[in-house]
Structures are given as C-alpha cells and as structure tokens.
Amino acid sequence: MSTIKELLDGVEVEWKQMKDVCIDFIVPMRDRPKIFDGDIPWCRIEDIEGQYFNESKSSLCVSEEIIKKMNLKVYPTGTVICSCSASIGSYAINTRPLITNQTFIGLVCGNTLINKYLFYYMNTQTKVLQQLSTTGTIPYISRKKFEELLIPIPPLSVQKEIVRILDTFTELTAELTAELTARKKQYNYYREQLLSFEEGKVEWKTLGEITLPTNNIRWKDNDNTYRYIDLTSVSRDTNSIIETSEINAKNAPSRAQKIVFKNDVIFATTRPTQQRLCLIDDEYSGEIASTGYCVLRAKTDEVLPKWIFFHSTSINFKNYVEENQSGSAYPAISDAKLKEFKIPVPPLEEQVRIVSILDKFDTLTTSISEGLPKEIELRKKQYEYYRDMLLTFPSLRAAGEAIQKSEAIRKNNTTR
C-alpha cells in the first residue's frame, strides 16, 4: 500500500518509556467485592467484547459506597486495560468507568499518546510481556515493568492515521465475524432440531453402551515418537487440533497416556463446559492424547462416529456436563459419568442422512479452509501484517533496541 509507505516515510519518531507518555498506571486491589448492588461494572476477562470493556456480562456492579470503603481503583473511560497475569495478551479499552480484578493493569494516556494507538501497539507486545513476566504457577508482570516498556511515539496526526487504517481492517473482520455468528446460530438451531427425537420413537442408549473400551500406551521399552494432544491442542472455535508437541518415553508428561485412532471422538473432561472436542482424522490416528480427554470410540455397527460427535456438540450435552461436573477451581467430569449421557440411536440409514446435512452446515461454519472462516482468517492475517508494518517503524527499531540496552547498562551500573 503506497499510502502506508508515504505515511511512514520521513516520520520523526521518538522512543519513550511508558511512564513518560502515560499519566497513570492503575493497579487494582486484590480484594474482591462481596456486595454487588451498584452501577459501576466489575469486569473479568470474559467480559471483553472485541476491543472493548462495555459492561459486566454477569451484571456484577459495585456502588460508590463500596468503592470508597474498599479503596477500589476505578478505570476512567478510555483507559487501555492490559492483562498482567494469567492470560497475558488480552487488551481492551473501557467505554465507561469500571473496575477489574488484579489480573489487569490500566494505562491512562497523556496528551502525546492516543489510547487506540496504544491499544494497537500493545497487541504487538504480547511476546515481550510474556518474556517479562515472572516464572511460576501464575505469571505476573509488575507495574514497574509496564512503566519501563518502550513505545515509538510519532506525531498525533500520524497516530490518528495509523488508527484509522487499522480500524478499517478491524471493522471488516468484525462484519464477517458477525455474519459467521449468525450462520452458526442458524446451524445450531437446525442441529438441535435434527438431533431431537421423541421418547418411544427411537431407542435411547448411553454413550457407554455404544462405545468401545480404549487402551493406554505402554511407555516401557517404547522408542517411538508421538504427537501429544493436550488440553490446549484442540480449538474450541473449529473443533479441530491446531497444535501438538512431540513426545517420547523420555519427555512424555504423566498425562500423555491415551492412544487415539481415526474416528475417535475426544472430549475434554477438565473444564468440560468449554467444550474442547474433536473427531480424530487420519493425520492424528495413532497419536497420544492427555488423560484429560474422554475417548469415545463408536461401535460402528450401531452408531456413526459423527453421530456421537454431533451429539457431543448439542445443547443437551452441554447442559448435562454442566450439571454433573464437580470442583470449583478446576471443574471436571469423570469418564464414567460422561458415558452415562443418553442419546437417541435411530437406524444407521437415518444417521447417515442427518449427518450428511449437518456436515454441510459444519463445513460452512467451522472449516478453516472453506467459506467465511477462511475469509476471516485471511483478513486477520492482513490486519496483523499492516499493524506490524505501521507500528514497528523499521528504521528506528535498532535505535529502540539501543535505548533499551543502554538503559539496562545504566541500571546495572547504578546498582553496583
């Protein structure tokens, strides 16, 4: 894009630390309010909507009285709110005054920095933040480390133009995503209709009755290398495996036990309402899954593997696991309890007909190689490409690194 090249050509940019361009760094209190009877939202990471914090989806709101009593920190409208613990890499701008828990820090811009420009820039800094975080059970980034982060500061007019360009890409992606969401709702509606049968019309069986037992791997004297499907390997959006690691007898985690084969349905029994599930294809047949998955291997003379798969995506199944999970911090459901779930088992010919219809909907809404999902993925990559081009300022990257290095040397000398 020639306009982008023209925009960046000859631009004077200063690298500054965040503390020089932000007028406040808001660190929330650790205490969680016990009374929610006000009108100032108390938000969590799941309340982020696109680029913004608009409200508490759980309707958790705090009163001015509680805020004063507990000395809670309120983010003023327009604060760039960044995750500094646990899920590092989440960013949002609040559209109204609100409060969050301590997993966030708020960056309030001064008059040389546009908050949306800062928001987009922070999205390029996730790897940097991860490197800065403490190592431990829960990573954490201190206020001081945020204050010392470097950011390129071009003139306000350039910041505005960068924001305008990136907003254009973001809005287009949002439109496509909204259309995909509408199609998914339509698919979900028809899926529920097609999978519903009246009692007495067909036979109902538990998952345990229509699945086969499976085996665990014997690591002793095993010299093979496998791909490991852990609880983060399966995408909740596409119900497919997106990333695995290589393991062998020497480095395999203790949970790497379950051998899976083509047409097995795997369902994550840890935090089951997140619905991490997929149907194993040829690529991952013979690989190893975590014991955090229940493996459902169909008795193919009774049910199609996809019949089990589609029922495991149904609202009835989701409600069942939610009602039967146990534990608070890490809720889970046992394999035995999961296999007590009952589904209708019509003749195989009827299963084939229904699965064929659902496959067409599924391809349209979840395939990463066809239709809207592919278009959305391409738009996201295009956005990330131009975002990085606009916010890296290549000619000044070395200067920024030099500043960072000299600052580190200065601090080292000071502490001697």
# chains A, B, ... in the order shown; residues from 1 in each chain; ligands from 1

$ residues_around --residues "stretch 55-63 of chain A" --least-positions-apart "3" --cutoff "9 Å" --atoms "only C-alpha atoms" --output "ChimeraX atom specification"
/A:33,35-44,46-49,66-68,94-96,98-99

$ write_last_selection --atoms "C-alpha atoms" --output "tab-separated table (two decimals), in the first residue's frame"
chain	number	residue	atom	x	y	z
A	33	PRO	CA	-16.11	-7.01	46.41
A	35	ILE	CA	-21.62	-6.91	47.64
A	36	PHE	CA	-22.71	-6.08	44.08
A	37	ASP	CA	-25.58	-3.62	44.35
A	38	GLY	CA	-24.29	-0.56	42.46
A	39	ASP	CA	-23.93	0.64	38.89
A	40	ILE	CA	-20.15	0.59	38.27
A	41	PRO	CA	-19.28	-2.69	36.46
A	42	TRP	CA	-16.79	-5.13	37.97
A	43	CYS	CA	-15.32	-6.89	34.93
A	44	ARG	CA	-13.37	-10.05	34.20
A	46	GLU	CA	-14.62	-12.90	29.69
A	47	ASP	CA	-16.35	-9.51	29.65
A	48	ILE	CA	-14.11	-8.19	26.83
A	49	GLU	CA	-16.20	-7.59	23.71
A	66	ILE	CA	-18.24	0.04	48.41
A	67	ILE	CA	-15.60	1.65	46.19
A	68	LYS	CA	-14.76	4.19	48.90
A	94	ASN	CA	-13.22	0.69	28.58
A	95	THR	CA	-16.18	2.67	27.27
A	96	ARG	CA	-17.33	3.62	30.78
A	98	LEU	CA	-15.32	0.32	35.67
A	99	ILE	CA	-13.32	-1.94	37.98

$ closest_atom_pairs --of "stretch 257-325 of chain A" --to "stretch 331-335 of chain A" --cutoff "7 Å" --atoms "only C-alpha atoms" --output "tab-separated table"
residue	atom	partner	partner_atom	distance
A:Thr269	CA	A:Ile333	CA	5.3
A:Thr270	CA	A:Ala332	CA	4.4
A:Arg271	CA	A:Pro331	CA	5.1
A:Pro272	CA	A:Ala332	CA	6.2
A:Cys294	CA	A:Asp335	CA	5.6
A:Val321	CA	A:Ile333	CA	6.8
A:Asn324	CA	A:Ile333	CA	6.5
A:Gln325	CA	A:Ile333	CA	4.5

$ write_last_selection --atoms "N, CA and C atoms" --output "compact mmCIF listing (two decimals), in the first residue's frame"
# COMPACT_ATOMS: atom_id res chain seq x y z
N THR A 269 -12.57 -33.50 29.60
CA THR A 269 -13.38 -33.62 30.81
C THR A 269 -12.96 -32.64 31.90
N THR A 270 -11.83 -31.96 31.69
CA THR A 270 -11.43 -30.86 32.58
C THR A 270 -12.04 -29.58 32.03
N ARG A 271 -12.71 -28.82 32.88
CA ARG A 271 -13.48 -27.65 32.43
C ARG A 271 -14.35 -28.01 31.22
N PRO A 272 -15.23 -28.98 31.39
CA PRO A 272 -15.98 -29.53 30.26
C PRO A 272 -16.92 -28.55 29.56
N CYS A 294 -11.80 -37.67 27.47
CA CYS A 294 -12.52 -38.93 27.41
C CYS A 294 -12.54 -39.35 25.94
N VAL A 321 -23.14 -31.91 31.09
CA VAL A 321 -21.82 -31.83 31.72
C VAL A 321 -21.75 -30.70 32.75
N ASN A 324 -23.32 -32.00 35.89
CA ASN A 324 -22.66 -33.16 36.50
C ASN A 324 -21.17 -32.98 36.74
N GLN A 325 -20.62 -31.80 36.45
CA GLN A 325 -19.22 -31.55 36.76
C GLN A 325 -19.07 -31.28 38.26

$ closest_residue --among "A:Leu132, A:Leu166, A:Leu372, A:Ala86" --to "A:Tyr117" --atoms "only C-alpha atoms"
A:Leu166

$ residues_around --residues "stretch 241-250 of chain A" --least-positions-apart "2" --cutoff "10 Å" --atoms "only C-alpha atoms" --output "ChimeraX atom specification"
/A:218-236,238-239,252-253,256,276-281,283-284,287-289

$ write_last_selection --atoms "N, CA and C atoms" --output "compact mmCIF listing (two decimals), in the first residue's frame"
# COMPACT_ATOMS: atom_id res chain seq x y z
N ARG A 218 1.93 -48.10 26.54
CA ARG A 218 2.94 -48.65 27.46
C ARG A 218 4.27 -48.01 27.08
N TRP A 219 4.72 -47.09 27.91
CA TRP A 219 5.94 -46.34 27.58
C TRP A 219 7.21 -47.17 27.78
N LYS A 220 7.14 -48.20 28.60
CA LYS A 220 8.34 -49.00 28.85
C LYS A 220 8.83 -49.67 27.57
N ASP A 221 10.12 -49.50 27.29
CA ASP A 221 10.76 -50.08 26.09
C ASP A 221 10.12 -49.58 24.80
N ASN A 222 9.53 -48.38 24.83
CA ASN A 222 8.93 -47.79 23.63
C ASN A 222 9.87 -46.70 23.09
N ASP A 223 10.38 -46.91 21.87
CA ASP A 223 11.34 -45.97 21.30
C ASP A 223 10.71 -45.01 20.29
N ASN A 224 9.40 -45.07 20.13
CA ASN A 224 8.73 -44.25 19.12
C ASN A 224 8.51 -42.81 19.59
N THR A 225 8.34 -41.94 18.61
CA THR A 225 7.99 -40.55 18.88
C THR A 225 6.55 -40.33 18.45
N TYR A 226 5.80 -39.61 19.28
CA TYR A 226 4.38 -39.37 19.01
C TYR A 226 4.08 -37.88 19.08
N ARG A 227 2.94 -37.51 18.51
CA ARG A 227 2.42 -36.16 18.72
C ARG A 227 1.46 -36.21 19.91
N TYR A 228 1.60 -35.21 20.78
CA TYR A 228 0.82 -35.19 22.01
C TYR A 228 -0.31 -34.17 21.91
N ILE A 229 -1.52 -34.63 22.13
CA ILE A 229 -2.71 -33.79 22.09
C ILE A 229 -3.07 -33.44 23.53
N ASP A 230 -2.68 -32.24 23.96
CA ASP A 230 -3.01 -31.84 25.33
C ASP A 230 -4.27 -30.98 25.33
N LEU A 231 -4.60 -30.42 26.49
CA LEU A 231 -5.88 -29.71 26.61
C LEU A 231 -5.92 -28.40 25.85
N THR A 232 -4.76 -27.89 25.41
CA THR A 232 -4.77 -26.66 24.62
C THR A 232 -4.63 -26.94 23.13
N SER A 233 -4.53 -28.22 22.76
CA SER A 233 -4.32 -28.57 21.35
C SER A 233 -5.57 -28.41 20.51
N VAL A 234 -6.74 -28.50 21.14
CA VAL A 234 -7.99 -28.52 20.40
C VAL A 234 -8.65 -27.14 20.42
N SER A 235 -8.97 -26.63 19.24
CA SER A 235 -9.62 -25.33 19.13
C SER A 235 -11.10 -25.45 19.47
N ARG A 236 -11.57 -24.55 20.32
CA ARG A 236 -12.99 -24.51 20.66
C ARG A 236 -13.81 -23.93 19.52
N THR A 238 -13.17 -24.30 16.11
CA THR A 238 -13.27 -25.16 14.92
C THR A 238 -13.40 -26.63 15.23
N ASN A 239 -13.32 -26.99 16.52
CA ASN A 239 -13.37 -28.40 16.92
C ASN A 239 -12.34 -29.22 16.14
N ALA A 252 7.73 -37.57 27.88
CA ALA A 252 6.26 -37.57 27.90
C ALA A 252 5.72 -37.16 29.27
N PRO A 253 4.78 -36.21 29.32
CA PRO A 253 4.14 -35.85 30.59
C PRO A 253 3.38 -37.06 31.14
N ALA A 256 0.15 -38.00 29.39
CA ALA A 256 0.19 -38.47 27.99
C ALA A 256 0.03 -39.98 27.97
N ARG A 276 -14.11 -28.48 24.57
CA ARG A 276 -12.97 -28.81 23.71
C ARG A 276 -13.16 -30.25 23.23
N LEU A 277 -13.51 -30.40 21.99
CA LEU A 277 -13.75 -31.73 21.46
C LEU A 277 -13.41 -31.78 19.98
N CYS A 278 -13.11 -32.95 19.48
CA CYS A 278 -12.88 -33.08 18.04
C CYS A 278 -13.00 -34.55 17.64
N LEU A 279 -13.10 -34.75 16.33
CA LEU A 279 -13.12 -36.08 15.75
C LEU A 279 -11.74 -36.34 15.17
N ILE A 280 -11.09 -37.38 15.63
CA ILE A 280 -9.73 -37.68 15.17
C ILE A 280 -9.74 -38.11 13.71
N ASP A 281 -8.87 -37.50 12.90
CA ASP A 281 -8.79 -37.85 11.49
C ASP A 281 -7.52 -38.67 11.23
N GLU A 283 -4.65 -37.83 10.11
CA GLU A 283 -3.40 -37.19 10.48
C GLU A 283 -2.98 -37.52 11.91
N TYR A 284 -3.95 -37.66 12.80
CA TYR A 284 -3.63 -37.86 14.22
C TYR A 284 -3.95 -39.27 14.71
N GLU A 287 -1.80 -41.34 17.52
CA GLU A 287 -1.07 -40.42 18.38
C GLU A 287 -1.59 -40.51 19.82
N ILE A 288 -1.05 -39.67 20.70
CA ILE A 288 -1.34 -39.78 22.13
C ILE A 288 -2.11 -38.55 22.64
N ALA A 289 -3.18 -38.82 23.37
CA ALA A 289 -3.98 -37.74 23.97
C ALA A 289 -3.81 -37.74 25.48

$ closest_residue --among "A:Thr206, A:Thr363, A:Thr214, A:Thr300" --to "A:Pro344" --atoms "only C-alpha atoms"
A:Thr206

$ closest_residue --among "A:Glu192, A:Glu14, A:Glu199, A:Asp264" --to "A:Thr313" --atoms "only C-alpha atoms"
A:Glu192

$ residues_around --residues "A:Lys380" --least-positions-apart "3" --cutoff "10 Å" --atoms "only C-alpha atoms" --output "short mmCIF file (atom, residue, chain, number, x, y, z; two decimals) with N, CA and C atoms, in the first residue's frame"
data_model
loop_
_atom_site.label_atom_id
_atom_site.label_comp_id
_atom_site.auth_asym_id
_atom_site.auth_seq_id
_atom_site.Cartn_x
_atom_site.Cartn_y
_atom_site.Cartn_z
N PHE A 169 -9.47 -2.32 8.88
CA PHE A 169 -9.29 -3.77 8.83
C PHE A 169 -10.11 -4.46 9.92
N THR A 170 -10.10 -3.88 11.11
CA THR A 170 -10.81 -4.48 12.24
C THR A 170 -12.31 -4.51 11.99
N LEU A 172 -13.90 -4.55 9.13
CA LEU A 172 -14.24 -5.53 8.10
C LEU A 172 -14.27 -6.93 8.69
N THR A 173 -13.27 -7.24 9.51
CA THR A 173 -13.24 -8.55 10.16
C THR A 173 -14.44 -8.73 11.07
N LYS A 374 -12.39 -19.03 6.44
CA LYS A 374 -11.15 -18.80 5.70
C LYS A 374 -10.98 -17.31 5.41
N GLU A 375 -12.07 -16.66 5.01
CA GLU A 375 -12.02 -15.23 4.71
C GLU A 375 -11.65 -14.43 5.97
N ILE A 376 -12.22 -14.81 7.11
CA ILE A 376 -11.90 -14.13 8.37
C ILE A 376 -10.44 -14.32 8.72
N GLU A 377 -9.95 -15.54 8.55
CA GLU A 377 -8.55 -15.83 8.86
C GLU A 377 -7.62 -15.01 7.98
N TYR A 383 -4.63 -7.86 8.60
CA TYR A 383 -4.61 -6.84 9.66
C TYR A 383 -3.30 -6.90 10.44
N GLU A 384 -2.89 -8.10 10.84
CA GLU A 384 -1.66 -8.24 11.62
C GLU A 384 -0.44 -7.79 10.83
N TYR A 385 -0.44 -8.05 9.53
CA TYR A 385 0.69 -7.64 8.69
C TYR A 385 0.82 -6.12 8.68
#

$ select_by_dssp --residues "stretch 196-342 of chain A" --states "strand (DSSP E or B)" --output "ChimeraX atom specification"
/A:199,202-206,211-212,216,226-229,234,241,245-247,256-259,265-268,270,277-279,288-290,293-298,326,332,342

$ residues_around --residues "A:Gly110" --least-positions-apart "2" --cutoff "7 Å" --atoms "only C-alpha atoms" --output "PyMOL selection string"
chain A and resi 21-23+108+112-113

$ write_last_selection --atoms "N, CA and C atoms" --output "PDB file, in the first residue's frame"
ATOM      1  N   VAL A  21       4.827   8.747  28.820  1.00  0.00           N
ATOM      2  CA  VAL A  21       3.698   9.112  27.949  1.00  0.00           C
ATOM      3  C   VAL A  21       2.340   8.726  28.543  1.00  0.00           C
ATOM      4  N   CYS A  22       2.358   8.006  29.656  1.00  0.00           N
ATOM      5  CA  CYS A  22       1.117   7.671  30.364  1.00  0.00           C
ATOM      6  C   CYS A  22       1.086   8.449  31.680  1.00  0.00           C
ATOM      7  N   ILE A  23      -0.052   9.014  32.010  1.00  0.00           N
ATOM      8  CA  ILE A  23      -0.148   9.835  33.220  1.00  0.00           C
ATOM      9  C   ILE A  23      -0.545   9.020  34.444  1.00  0.00           C
ATOM     10  N   VAL A 108      -3.289   4.894  31.445  1.00  0.00           N
ATOM     11  CA  VAL A 108      -4.019   6.121  31.115  1.00  0.00           C
ATOM     12  C   VAL A 108      -3.093   7.029  30.311  1.00  0.00           C
ATOM     13  N   THR A 112       0.281  13.204  24.563  1.00  0.00           N
ATOM     14  CA  THR A 112       1.071  12.890  23.357  1.00  0.00           C
ATOM     15  C   THR A 112       0.765  11.499  22.816  1.00  0.00           C
ATOM     16  N   LEU A 113      -0.221  10.841  23.429  1.00  0.00           N
ATOM     17  CA  LEU A 113      -0.494   9.452  23.070  1.00  0.00           C
ATOM     18  C   LEU A 113      -1.991   9.198  22.946  1.00  0.00           C
TER      19      LEU A 113
END

$ select_by_dssp --residues "stretch 223-403 of chain A" --states "helix (DSSP H, G or I)" --output "PyMOL selection string"
chain A and resi 272-274+282-284+305-311+315-324+335-338+348-366+371-392+394-403

$ closest_residue --among "A:Ser87, A:Ser326, A:Thr134, A:Gln351" --to "A:Lys306" --atoms "only C-alpha atoms"
A:Gln351

$ residues_around --residues "A:Ala298" --least-positions-apart "5" --cutoff "12 Å" --atoms "only C-alpha atoms" --output "PDB file with C-alpha atoms, in the first residue's frame"
ATOM      1  CA  THR A 206     -25.884 -44.243  26.978  1.00  0.00           C
ATOM      2  CA  LEU A 207     -22.552 -43.312  25.432  1.00  0.00           C
ATOM      3  CA  GLY A 208     -21.079 -46.188  27.419  1.00  0.00           C
ATOM      4  CA  GLU A 209     -23.386 -48.641  25.658  1.00  0.00           C
ATOM      5  CA  ILE A 210     -22.459 -47.510  22.150  1.00  0.00           C
ATOM      6  CA  THR A 211     -18.693 -47.062  22.588  1.00  0.00           C
ATOM      7  CA  LEU A 212     -15.769 -49.455  22.870  1.00  0.00           C
ATOM      8  CA  PRO A 213     -13.079 -49.609  25.562  1.00  0.00           C
ATOM      9  CA  THR A 214      -9.732 -47.995  24.680  1.00  0.00           C
ATOM     10  CA  PHE A 261      -7.328 -43.586  16.335  1.00  0.00           C
ATOM     11  CA  LYS A 262      -9.250 -42.276  13.333  1.00  0.00           C
ATOM     12  CA  ASN A 263     -12.932 -41.561  14.097  1.00  0.00           C
ATOM     13  CA  ASP A 264     -12.434 -41.425  17.860  1.00  0.00           C
ATOM     14  CA  VAL A 265     -14.270 -38.508  19.449  1.00  0.00           C
ATOM     15  CA  ILE A 266     -12.219 -36.886  22.198  1.00  0.00           C
ATOM     16  CA  LEU A 279     -13.125 -36.079  15.748  1.00  0.00           C
ATOM     17  CA  VAL A 303     -23.715 -45.650  15.535  1.00  0.00           C
ATOM     18  CA  LEU A 304     -21.675 -43.473  13.236  1.00  0.00           C
ATOM     19  CA  PRO A 305     -18.674 -41.760  14.885  1.00  0.00           C
ATOM     20  CA  LYS A 306     -20.061 -38.440  13.657  1.00  0.00           C
ATOM     21  CA  TRP A 307     -23.405 -39.225  15.285  1.00  0.00           C
ATOM     22  CA  ILE A 308     -21.592 -39.221  18.614  1.00  0.00           C
ATOM     23  CA  PHE A 309     -19.585 -36.145  17.619  1.00  0.00           C
ATOM     24  CA  LYS A 339     -20.655 -42.078  29.401  1.00  0.00           C
TER      25      LYS A 339
END

$ residues_around --residues "stretch 359-362 of chain A" --least-positions-apart "2" --cutoff "10 Å" --atoms "only C-alpha atoms" --output "PyMOL selection string"
chain A and resi 183-184+186-188+190-191+238+306+310+354-357+364-367

$ write_last_selection --atoms "C-alpha atoms" --output "PDB file, in the first residue's frame"
ATOM      1  CA  ARG A 183     -24.841 -18.585  10.431  1.00  0.00           C
ATOM      2  CA  LYS A 184     -23.632 -20.548  13.454  1.00  0.00           C
ATOM      3  CA  GLN A 186     -28.822 -20.903  12.316  1.00  0.00           C
ATOM      4  CA  TYR A 187     -26.745 -24.097  12.208  1.00  0.00           C
ATOM      5  CA  ASN A 188     -27.168 -24.672  15.947  1.00  0.00           C
ATOM      6  CA  TYR A 190     -31.195 -26.878  12.816  1.00  0.00           C
ATOM      7  CA  ARG A 191     -28.710 -29.190  14.536  1.00  0.00           C
ATOM      8  CA  THR A 238     -13.270 -25.155  14.919  1.00  0.00           C
ATOM      9  CA  LYS A 306     -20.061 -38.440  13.657  1.00  0.00           C
ATOM     10  CA  PHE A 310     -22.615 -34.042  16.718  1.00  0.00           C
ATOM     11  CA  ILE A 354     -28.854 -36.449   9.226  1.00  0.00           C
ATOM     12  CA  VAL A 355     -25.045 -36.461   9.445  1.00  0.00           C
ATOM     13  CA  SER A 356     -24.843 -35.550   5.743  1.00  0.00           C
ATOM     14  CA  ILE A 357     -26.990 -32.454   6.353  1.00  0.00           C
ATOM     15  CA  LEU A 364     -19.688 -23.743   6.166  1.00  0.00           C
ATOM     16  CA  THR A 365     -19.260 -22.570   9.748  1.00  0.00           C
ATOM     17  CA  THR A 366     -16.173 -24.258  11.140  1.00  0.00           C
ATOM     18  CA  SER A 367     -13.854 -25.266   8.303  1.00  0.00           C
TER      19      SER A 367
END

$ atom_distance --atom1 "atom CA of A:Arg164" --atom2 "atom CA of A:Thr100"
28.3 Å

$ closest_residue --among "A:Tyr293, A:Phe146, A:Phe104, A:Phe25" --to "A:Lys258" --atoms "only C-alpha atoms"
A:Tyr293

$ closest_residue --among "A:Glu340, A:Glu350, A:Glu65, A:Asp282" --to "A:Leu195" --atoms "only C-alpha atoms"
A:Glu350
